[in-house]
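Please read the structure below before turning to the comments.
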Amino acid sequence: MKKLYAGFIILTMLMSSCGKGGQGELVGVYNKNFKNNRVPLGMVYVPPGRTLIGGSDEDITGSQAPASRMTSFSAFYMDETEITNAEYRQFVNYVRDSVAITSLGPAGAPDLYMPAPTGEGVNANGQRNINWKKVGDGSRLWSSKNGGYASKLADMYYTGDDALFGRAELDVRKFRYSYKVVNMDLAAKAKNNPDAKRSDFIESYVDAPDPNKPNEFPSISVYPDTLVWKTDYSYSQNDPMVIGYFNHPSYDEYPVVGVTWEQANAFCVWRTRLFQSVAAERKQPYNSRLSYSLPTEAQFEYAARGGNVKTKYPWGGPYIRNAKGCMQANFKVGRGNYSDDGGLYTVNVHSYFPNDYGLYNMAGNVSEWTLTAYNKSAGTMLLDFNPNYTYVARPEDNKYLKRKVVRGGSWKDIGFFLQNSVGTYEYQDNATSYIGFRCVVSYAGTDINYK
């Protein structure tokens, strides 16, 4: 009987080793496969490659462009247009609804939260998550009809001396976005520090940052600064733009402006998490699409060139007018003939012809924030593949540490700033009427055309 029992054990062990273990061979553990060649909605694919980054031949003397050098790039996706008012408004409305629902709490709006705590629908702080399927577009949340919550949200509106008689207006100062991200630069510095904790390189943007915690920053006020149309130009009648540009339907497809670099970064974080929630529902890994971010300065120039080498402008040629004499971008023509290109201020983001990658307005319309910190001395240190220099400045830092590179030139700039190789800077906490942004996503792989 003992021999029979021993034989059974040996047979069982043999069967286990011949099953999922790969018969004792190294077979690997593979992640769930999914389609990785789907271009995100509203983006274009920028293939891997190399190009000369820097000044063109005619920019030898008095140039603000860095020296030209061959640079290689990994593949990435890029928004085909600047982020529009309508697209940015989706972010603002998300934050608006989040703040409102949080102020109500599970007791005040039980049907707008996930089911009570069983593990699912509960966040890391033990709080119940918002059920966004029930919230929808937020119309019910702000409705006064039966089932609406408008009567409970009086604190979300201007009150007292801030309110105008007979008008119910939301207090946009309450639209603040809180989030946490892992700062890879801080993580890399702490790699060989045995005492380092993960919390040491997590950046937190919270409503009440602790001054004793160096990685805590104020939460981000997401509503664009509509007053930039007045403050940028003291002696100009731009009141209609202040009132109408961000919210009037005629401007839905115009580029959002009045957005700081910090707000643009927060938008990228929100957009990443917006997709991650969908990926989770599809049973895909959270990183099935890599994180959205602002393009680096070098990525922007590489994409603007559209696969062409040493071209002066994104459309390829050395001239600002096409063969029919039409302007090829929205900028300050001549000595101030703003309307000669078809727009006095900004124009629809699909105006003019795209470059050879299918990207619109990589020059003109609005200048665009990049991820890169402005530092002329950094050029010699950068690698010749995927180069970038970053620095996240704290509120108390010197203003020179808050400079970020902007690219592309805008509706109020002269033609010089439309050149592929030319960039300038703006302070990361400053919003203007002529700077917008677009996002990029790194492609996970070598090339979309083969695995």
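If you're wondering about the labels, chains in the structure tokens are A, B, ... by order shown, residues count from 1 in each chain, ligands from 1 in order shown.
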
Query - Backbone-only DSSP, alpha helix (DSSP H) members of region 221-420 of chain A, as a PyMOL selection string - result: chain A and resi 228-231+239-244+261-281+297-305

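Residues in contact range of Thr311 (chain A), defined as at most 12 Å between only C-alpha atoms, with sequence neighbours fewer than 5 positions away removed, read Thr51, Leu52, Ile53, Gly54, Gly55, Ser56, Asp57, Glu58, Asp59, Glu301, Tyr302, Ala304, Arg305, Gly306, Gly316, Gly317, Pro318, Tyr319, Asn355, Asp356, Leu418, Gln419, Asn420 and Ser421 of chain A.
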
Restrict the calculation to only C-alpha atoms, then for each residue of region 273-323 of chain A with any atom at most 10 Å from an atom of region 260-268 of chain A give the closest atom pair and their distance in Å to one decimal, rows by chain and rising residue number, as JSON lines.
{"residue": "A:Arg273", "atom": "CA", "partner": "A:Cys268", "partner_atom": "CA", "distance": 8.7}
{"residue": "A:Leu274", "atom": "CA", "partner": "A:Cys268", "partner_atom": "CA", "distance": 9.8}
{"residue": "A:Ser291", "atom": "CA", "partner": "A:Cys268", "partner_atom": "CA", "distance": 7.8}
{"residue": "A:Tyr292", "atom": "CA", "partner": "A:Cys268", "partner_atom": "CA", "distance": 5.2}
{"residue": "A:Ser293", "atom": "CA", "partner": "A:Cys268", "partner_atom": "CA", "distance": 5.3}
{"residue": "A:Leu294", "atom": "CA", "partner": "A:Asn265", "partner_atom": "CA", "distance": 6.9}

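Proximity ranking of A:Tyr345, A:Pro295, A:Pro354, A:Lys412 relative to Phe331 (chain A) places A:Lys412 first, based on only C-alpha atoms.
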
Report summary line: Using only C-alpha atoms, the shortest atom-to-atom distance to Gly244 (chain A) among A:Ala393, A:Val347, A:Leu227, A:Leu359 belongs to A:Leu227

Which residues are near Cys326 (chain A)? Cut-off 9 Å, only C-alpha atoms, ignore same chain within fewer than 5 positions. Put them as a PDB file with N, CA and C atoms, in the first residue's frame.
ATOM      1  N   ILE A 320       6.268  82.181 -46.653  1.00  0.00           N
ATOM      2  CA  ILE A 320       5.092  82.207 -45.796  1.00  0.00           C
ATOM      3  C   ILE A 320       3.808  82.198 -46.623  1.00  0.00           C
ATOM      4  N   ARG A 321       3.887  82.632 -47.878  1.00  0.00           N
ATOM      5  CA  ARG A 321       2.736  82.570 -48.785  1.00  0.00           C
ATOM      6  C   ARG A 321       2.852  81.336 -49.672  1.00  0.00           C
ATOM      7  N   ASP A 340      -4.903  89.897 -42.659  1.00  0.00           N
ATOM      8  CA  ASP A 340      -4.497  89.461 -44.003  1.00  0.00           C
ATOM      9  C   ASP A 340      -4.439  87.946 -44.126  1.00  0.00           C
ATOM     10  N   ASP A 341      -4.279  87.234 -42.992  1.00  0.00           N
ATOM     11  CA  ASP A 341      -4.197  85.772 -43.039  1.00  0.00           C
ATOM     12  C   ASP A 341      -5.543  85.116 -42.738  1.00  0.00           C
TER      13      ASP A 341
END

**Report entry** For Asn215 (chain A), the nearest of the candidates A:Lys145, A:Arg69, A:Arg89, A:Arg394, counting only C-alpha atoms
**Finding:** A:Arg394

Requested in this report: Tell me, as a ChimeraX atom specification, which residues lie within 12 Å of region 376-383 of chain A, counting only C-alpha atoms; anything in the same chain fewer than 5 positions away does not count.
Outcome: /A:53-54,64-73,297-298,388-391,400,403-405,423-425

Report summary line: What separates CA of Arg289 (chain A) and CA of Val181 (chain A) is a distance of 16.4 Å

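CA of Val392 (chain A) is positioned 9.6 Å from CA of Asn183 (chain A).
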